[in-house]
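Novice: Structure file input.pdb (PDB, C-alpha atoms, pLDDT in the B column) is given on the next line.
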ATOM      1  CA  MET A  29     -11.890 -57.507   0.872  1.00 44.00           C
ATOM      2  CA  LYS A  30     -11.362 -55.657   4.163  1.00 46.00           C
ATOM      3  CA  SER A  31     -13.498 -52.679   5.012  1.00 47.00           C
ATOM      4  CA  LEU A  32     -11.937 -49.222   4.967  1.00 47.00           C
ATOM      5  CA  HIS A  33     -12.189 -48.961   8.748  1.00 45.00           C
ATOM      6  CA  MET A  34     -10.278 -52.214   9.246  1.00 43.00           C
ATOM      7  CA  VAL A  35      -7.629 -51.142   6.785  1.00 42.00           C
ATOM      8  CA  LYS A  36      -7.300 -47.720   8.408  1.00 44.00           C
ATOM      9  CA  ALA A  37      -6.469 -49.453  11.678  1.00 40.00           C
ATOM     10  CA  LYS A  38      -2.918 -49.638  10.376  1.00 50.00           C
ATOM     11  CA  LYS A  39      -1.510 -46.132  10.398  1.00 59.00           C
ATOM     12  CA  MET A  40      -0.939 -44.620   6.968  1.00 70.00           C
ATOM     13  CA  SER A  41       2.677 -43.993   6.145  1.00 83.00           C
ATOM     14  CA  ASN A  42       3.892 -40.540   5.185  1.00 88.00           C
ATOM     15  CA  ASP A  43       4.402 -41.797   1.626  1.00 88.00           C
ATOM     16  CA  ILE A  44       0.737 -42.791   1.342  1.00 91.00           C
ATOM     17  CA  LYS A  45      -0.388 -39.477   2.815  1.00 92.00           C
ATOM     18  CA  LYS A  46       1.898 -37.601   0.413  1.00 93.00           C
ATOM     19  CA  TYR A  47       0.588 -39.531  -2.610  1.00 93.00           C
ATOM     20  CA  ILE A  48      -3.082 -39.002  -1.656  1.00 94.00           C
ATOM     21  CA  LYS A  49      -2.415 -35.319  -0.926  1.00 93.00           C
ATOM     22  CA  TYR A  50      -0.975 -34.825  -4.424  1.00 92.00           C
ATOM     23  CA  VAL A  51      -3.926 -36.595  -6.054  1.00 93.00           C
ATOM     24  CA  LYS A  52      -6.401 -34.452  -4.082  1.00 92.00           C
ATOM     25  CA  LYS A  53      -4.526 -31.292  -5.031  1.00 91.00           C
ATOM     26  CA  ILE A  54      -4.630 -32.113  -8.739  1.00 89.00           C
ATOM     27  CA  ILE A  55      -8.386 -32.828  -8.701  1.00 87.00           C
ATOM     28  CA  SER A  56      -9.620 -29.309  -7.948  1.00 79.00           C
ATOM     29  CA  ILE A  57     -13.290 -30.269  -8.148  1.00 79.00           C
ATOM     30  CA  HIS A  58     -15.003 -30.951  -4.835  1.00 78.00           C
ATOM     31  CA  SER A  59     -17.782 -33.497  -4.960  1.00 80.00           C
ATOM     32  CA  LYS A  60     -19.176 -36.590  -3.300  1.00 85.00           C
ATOM     33  CA  ASP A  61     -17.757 -38.675  -6.162  1.00 84.00           C
ATOM     34  CA  LYS A  62     -14.263 -37.303  -5.588  1.00 87.00           C
ATOM     35  CA  LYS A  63     -14.491 -38.116  -1.889  1.00 91.00           C
ATOM     36  CA  GLU A  64     -15.561 -41.687  -2.668  1.00 92.00           C
ATOM     37  CA  PHE A  65     -12.790 -42.014  -5.258  1.00 92.00           C
ATOM     38  CA  ILE A  66     -10.143 -40.790  -2.767  1.00 93.00           C
ATOM     39  CA  GLN A  67     -11.457 -43.170  -0.086  1.00 94.00           C
ATOM     40  CA  LEU A  68     -11.318 -46.121  -2.471  1.00 94.00           C
ATOM     41  CA  LEU A  69      -7.846 -45.159  -3.687  1.00 94.00           C
ATOM     42  CA  THR A  70      -6.622 -44.785  -0.108  1.00 93.00           C
ATOM     43  CA  GLN A  71      -8.043 -48.185   0.799  1.00 93.00           C
ATOM     44  CA  LYS A  72      -6.351 -49.863  -2.173  1.00 94.00           C
ATOM     45  CA  ILE A  73      -3.000 -48.188  -1.438  1.00 93.00           C
ATOM     46  CA  ILE A  74      -3.163 -49.213   2.235  1.00 91.00           C
ATOM     47  CA  GLU A  75      -3.976 -52.789   1.228  1.00 91.00           C
ATOM     48  CA  PHE A  76      -1.047 -52.718  -1.190  1.00 92.00           C
ATOM     49  CA  SER A  77       1.302 -51.373   1.499  1.00 89.00           C
ATOM     50  CA  ASN A  78       0.093 -54.043   3.952  1.00 89.00           C
ATOM     51  CA  GLU A  79       1.023 -56.737   1.449  1.00 89.00           C
ATOM     52  CA  HIS A  80       4.444 -55.223   0.699  1.00 83.00           C
ATOM     53  CA  ASP A  81       6.751 -54.499   3.601  1.00 79.00           C
ATOM     54  CA  SER A  82       8.614 -51.201   3.539  1.00 81.00           C
ATOM     55  CA  CYS A  83       6.391 -49.804   0.783  1.00 84.00           C
ATOM     56  CA  SER A  84       7.897 -46.553  -0.516  1.00 88.00           C
ATOM     57  CA  TYR A  85       6.430 -43.654  -2.466  1.00 91.00           C
ATOM     58  CA  GLN A  86       8.068 -44.991  -5.618  1.00 92.00           C
ATOM     59  CA  ASP A  87       6.468 -48.420  -5.031  1.00 91.00           C
ATOM     60  CA  ILE A  88       3.069 -46.718  -4.883  1.00 93.00           C
ATOM     61  CA  VAL A  89       3.783 -44.791  -8.103  1.00 93.00           C
ATOM     62  CA  ASP A  90       4.971 -47.978  -9.816  1.00 94.00           C
ATOM     63  CA  GLU A  91       1.789 -49.842  -8.806  1.00 93.00           C
ATOM     64  CA  PHE A  92      -0.870 -47.131  -9.244  1.00 93.00           C
ATOM     65  CA  GLY A  93       0.760 -44.560 -11.513  1.00 93.00           C
ATOM     66  CA  SER A  94       1.828 -40.995 -10.797  1.00 94.00           C
ATOM     67  CA  PRO A  95      -0.624 -38.721  -8.970  1.00 94.00           C
ATOM     68  CA  ASN A  96      -1.119 -36.875 -12.289  1.00 93.00           C
ATOM     69  CA  GLU A  97      -2.047 -40.103 -14.066  1.00 93.00           C
ATOM     70  CA  VAL A  98      -4.453 -41.195 -11.323  1.00 93.00           C
ATOM     71  CA  ALA A  99      -6.110 -37.773 -11.152  1.00 91.00           C
ATOM     72  CA  GLY A 100      -6.268 -37.628 -14.944  1.00 88.00           C
ATOM     73  CA  SER A 101      -7.997 -41.000 -15.152  1.00 88.00           C
ATOM     74  CA  TYR A 102     -10.567 -39.845 -12.584  1.00 88.00           C
ATOM     75  CA  ILE A 103     -11.198 -36.574 -14.422  1.00 84.00           C
ATOM     76  CA  GLU A 104     -11.615 -38.453 -17.725  1.00 84.00           C
ATOM     77  CA  THR A 105     -14.516 -40.380 -16.204  1.00 83.00           C
ATOM     78  CA  LEU A 106     -16.385 -37.168 -15.456  1.00 80.00           C
ATOM     79  CA  ASP A 107     -18.853 -35.628 -17.870  1.00 76.00           C
ATOM     80  CA  SER A 108     -17.440 -32.406 -19.390  1.00 76.00           C
ATOM     81  CA  ASP A 109     -20.672 -30.509 -18.627  1.00 76.00           C
ATOM     82  CA  GLU A 110     -20.386 -31.589 -14.989  1.00 75.00           C
ATOM     83  CA  ILE A 111     -16.774 -30.387 -14.816  1.00 74.00           C
ATOM     84  CA  ILE A 112     -17.650 -26.998 -16.329  1.00 78.00           C
ATOM     85  CA  LYS A 113     -20.642 -26.632 -14.009  1.00 78.00           C
ATOM     86  CA  LYS A 114     -18.555 -27.396 -10.908  1.00 76.00           C
ATOM     87  CA  LEU A 115     -15.725 -25.089 -11.967  1.00 75.00           C
ATOM     88  CA  ASN A 116     -18.190 -22.272 -12.710  1.00 80.00           C
ATOM     89  CA  LYS A 117     -19.842 -22.820  -9.330  1.00 82.00           C
ATOM     90  CA  LYS A 118     -16.443 -22.569  -7.640  1.00 81.00           C
ATOM     91  CA  LYS A 119     -15.674 -19.376  -9.594  1.00 85.00           C
ATOM     92  CA  ILE A 120     -19.009 -17.805  -8.634  1.00 88.00           C
ATOM     93  CA  ILE A 121     -18.473 -18.654  -4.966  1.00 88.00           C
ATOM     94  CA  ASN A 122     -14.982 -17.109  -5.052  1.00 90.00           C
ATOM     95  CA  ILE A 123     -16.332 -13.933  -6.684  1.00 93.00           C
ATOM     96  CA  PHE A 124     -19.157 -13.720  -4.124  1.00 94.00           C
ATOM     97  CA  ILE A 125     -16.753 -14.113  -1.194  1.00 95.00           C
ATOM     98  CA  SER A 126     -14.431 -11.481  -2.702  1.00 96.00           C
ATOM     99  CA  VAL A 127     -17.301  -9.006  -3.088  1.00 96.00           C
ATOM    100  CA  ILE A 128     -18.416  -9.582   0.517  1.00 96.00           C
ATOM    101  CA  ILE A 129     -14.866  -9.006   1.786  1.00 97.00           C
ATOM    102  CA  ILE A 130     -14.503  -5.817  -0.284  1.00 97.00           C
ATOM    103  CA  LEU A 131     -17.857  -4.532   1.005  1.00 96.00           C
ATOM    104  CA  CYS A 132     -16.908  -5.244   4.627  1.00 96.00           C
ATOM    105  CA  ILE A 133     -13.566  -3.465   4.220  1.00 97.00           C
ATOM    106  CA  SER A 134     -15.279  -0.506   2.518  1.00 96.00           C
ATOM    107  CA  VAL A 135     -17.886  -0.156   5.264  1.00 96.00           C
ATOM    108  CA  TRP A 136     -15.186  -0.424   7.932  1.00 96.00           C
ATOM    109  CA  GLY A 137     -13.061   2.184   6.133  1.00 96.00           C
ATOM    110  CA  PHE A 138     -15.996   4.569   5.787  1.00 96.00           C
ATOM    111  CA  GLU A 139     -16.845   4.188   9.472  1.00 96.00           C
ATOM    112  CA  ARG A 140     -13.238   4.927  10.445  1.00 96.00           C
ATOM    113  CA  TYR A 141     -13.239   7.977   8.164  1.00 95.00           C
ATOM    114  CA  ARG A 142     -16.520   9.247   9.641  1.00 94.00           C
ATOM    115  CA  ILE A 143     -15.282   8.725  13.221  1.00 94.00           C
ATOM    116  CA  ASN A 144     -12.123  10.691  12.419  1.00 93.00           C
ATOM    117  CA  GLN A 145     -14.245  13.494  10.939  1.00 92.00           C
ATOM    118  CA  LEU A 146     -16.342  13.683  14.101  1.00 90.00           C
ATOM    119  CA  ILE A 147     -13.223  13.732  16.263  1.00 88.00           C
ATOM    120  CA  ASP A 148     -11.756  16.575  14.181  1.00 87.00           C
ATOM    121  CA  GLU A 149     -15.026  18.522  14.397  1.00 85.00           C
ATOM    122  CA  ALA A 150     -15.104  18.053  18.160  1.00 81.00           C
ATOM    123  CA  LYS A 151     -11.516  19.301  18.446  1.00 81.00           C
ATOM    124  CA  HIS A 152     -12.292  22.481  16.488  1.00 80.00           C
ATOM    125  CA  THR A 153     -15.643  23.248  18.098  1.00 78.00           C
ATOM    126  CA  LYS A 154     -15.516  25.700  20.940  1.00 73.00           C
ATOM    127  CA  MET A 155     -17.870  24.615  23.617  1.00 71.00           C
ATOM    128  CA  LYS A 156     -19.008  26.768  26.472  1.00 72.00           C
ATOM    129  CA  THR A 157     -18.835  24.979  29.765  1.00 76.00           C
ATOM    130  CA  TYR A 158     -21.156  25.921  32.605  1.00 76.00           C
ATOM    131  CA  THR A 159     -20.941  25.448  36.290  1.00 86.00           C
ATOM    132  CA  ALA A 160     -24.024  24.028  37.976  1.00 87.00           C
ATOM    133  CA  GLU A 161     -25.139  27.488  39.118  1.00 89.00           C
ATOM    134  CA  GLU A 162     -24.610  29.057  35.666  1.00 87.00           C
ATOM    135  CA  TYR A 163     -26.599  26.246  34.077  1.00 86.00           C
ATOM    136  CA  LYS A 164     -29.485  26.710  36.519  1.00 89.00           C
ATOM    137  CA  GLU A 165     -29.476  30.438  35.779  1.00 89.00           C
ATOM    138  CA  LYS A 166     -29.522  29.767  32.020  1.00 86.00           C
ATOM    139  CA  ILE A 167     -32.472  27.395  32.355  1.00 89.00           C
ATOM    140  CA  ALA A 168     -34.363  29.893  34.555  1.00 91.00           C
ATOM    141  CA  LYS A 169     -33.697  32.662  32.038  1.00 88.00           C
ATOM    142  CA  GLU A 170     -34.992  30.486  29.160  1.00 87.00           C
ATOM    143  CA  LYS A 171     -38.171  29.702  31.133  1.00 87.00           C
ATOM    144  CA  GLN A 172     -38.776  33.408  31.717  1.00 88.00           C
ATOM    145  CA  GLU A 173     -38.429  34.183  28.002  1.00 83.00           C
ATOM    146  CA  LYS A 174     -41.136  31.635  27.149  1.00 71.00           C
TER     147      LYS A 174
END
Output the file's structure as structure tokens, nothing else.
Specialist:
Amino acid sequence: MKSLHMVKAKKMSNDIKKYIKYVKKIISIHSKDKKEFIQLLTQKIIEFSNEHDSCSYQDIVDEFGSPNEVAGSYIETLDSDEIIKKLNKKKIINIFISVIIILCISVWGFERYRINQLIDEAKHTKMKTYTAEEYKEKIAKEKQEK
């Protein structure tokens, strides 16, 4: 049997890529086992296409089954506790990321609100401006009062 690297030397056809993409999409669990399964499946499909000239998508489906069937057979081999654990982990990660995004947006919104408040306050505050001489006189006057 040829190694995966030797088999990959021949460029994968769009039909093979499409088939593998569908299988990956159906198996929503991400794991080392899934990666190994996809690599093995890809290798077998490439070997099949090398042996059959002008191998089409339908030829792949006829030989290996539909992407749903292939994904289903992989999922059936998994332990149900493992599947639940991986799906729960994915759900927790999605919730965590959502909370972080909401917090970042909230902090950003509050900062924008506070900046606008300060700008409005600055617009409505009457400030006395001094020339250099008036300021020196004010400082001298304050020193005398102390």
Novice: Around (-7.7, -40.7, -8.3) in the file's own coordinates, what residues are found within 8 Å if you use all atoms listed in the file, given back as a list in words?
Specialist: Val51, Lys52, Ile55, Lys62, Phe65, Ile66, Leu69, Pro95, Val98, Ala99, Gly100, Ser101 and Tyr102 of chain A
Novice: Keeping only C-alpha atoms, write the selected residues as a PDB file, keeping the file's coordinate frame.
Specialist:
ATOM      1  CA  VAL A  51      -3.926 -36.595  -6.054  1.00 93.00           C
ATOM      2  CA  LYS A  52      -6.401 -34.452  -4.082  1.00 92.00           C
ATOM      3  CA  ILE A  55      -8.386 -32.828  -8.701  1.00 87.00           C
ATOM      4  CA  LYS A  62     -14.263 -37.303  -5.588  1.00 87.00           C
ATOM      5  CA  PHE A  65     -12.790 -42.014  -5.258  1.00 92.00           C
ATOM      6  CA  ILE A  66     -10.143 -40.790  -2.767  1.00 93.00           C
ATOM      7  CA  LEU A  69      -7.846 -45.159  -3.687  1.00 94.00           C
ATOM      8  CA  PRO A  95      -0.624 -38.721  -8.970  1.00 94.00           C
ATOM      9  CA  VAL A  98      -4.453 -41.195 -11.323  1.00 93.00           C
ATOM     10  CA  ALA A  99      -6.110 -37.773 -11.152  1.00 91.00           C
ATOM     11  CA  GLY A 100      -6.268 -37.628 -14.944  1.00 88.00           C
ATOM     12  CA  SER A 101      -7.997 -41.000 -15.152  1.00 88.00           C
ATOM     13  CA  TYR A 102     -10.567 -39.845 -12.584  1.00 88.00           C
TER      14      TYR A 102
END
Novice: Compare A:Ser84, A:Asn96, A:Ser134, A:Ser126 by their minimum atom-to-atom distance to Lys45 in chain A, counting all atoms listed in the file, and give me the closest one.
Specialist: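 Looking only at the distances to Lys45 in chain A, the closest residue turns out to be A:Ser84.
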Novice: Taking all atoms listed in the file into account, which of A:Ser77, A:Asn116, A:Gln145, A:Thr153 comes nearest Asn42 in chain A?
Specialist: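 Counting all atoms listed in the file, the residue closest to Asn42 in chain A is A:Ser77.
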Novice: May I ask for the distance between CA of Met40 in chain A and CA of Ile74 in chain A, given in Å to one decimal place?
Specialist: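 Computed distance, CA of Met40 in chain A to CA of Ile74 in chain A, equals 7.0 Å.
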Novice: For a cutoff of 10 Å around the file-coordinate point (2.5, -44.9, 1.7), which residues qualify once you count only C-alpha atoms? I'd like the result as a VMD selection string.
Specialist: chain A and resid 39 to 48 70 73 to 74 76 to 78 82 to 89
Novice: State, in Å with one decimal place, the distance from CA of Ser56 in chain A to CA of Ile130 in chain A.
Specialist: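 Atom-to-atom, CA of Ser56 in chain A to CA of Ile130 in chain A, that is 25.2 Å.
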Novice: Going by the chain IDs and residue numbers used in this file, which residues fall under the PyMOL selection byres ((chain A and resi 58) around 12)? Write them as an MDAnalysis selection string.
Specialist: chainID A and resid 52:57 59:66 103 110:111 113:115 117:118
Novice: Emit as lines of an AutoDock Vina configuration file the padded axis-aligned box for all listed atoms of range 49-66 of chain A, 8 Å per side, with centre and edge lengths in Å to one decimal.
Specialist:
center_x = -10.1
center_y = -35.7
center_z = -4.8
size_x = 34.2
size_y = 28.7
size_z = 23.8
Novice: Using CA of Thr105 in chain A and CA of Ile121 in chain A as the two end points, give the distance in Å to one decimal.
Specialist: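 Computing the Euclidean distance for CA of Thr105 in chain A and CA of Ile121 in chain A yields 24.8 Å.
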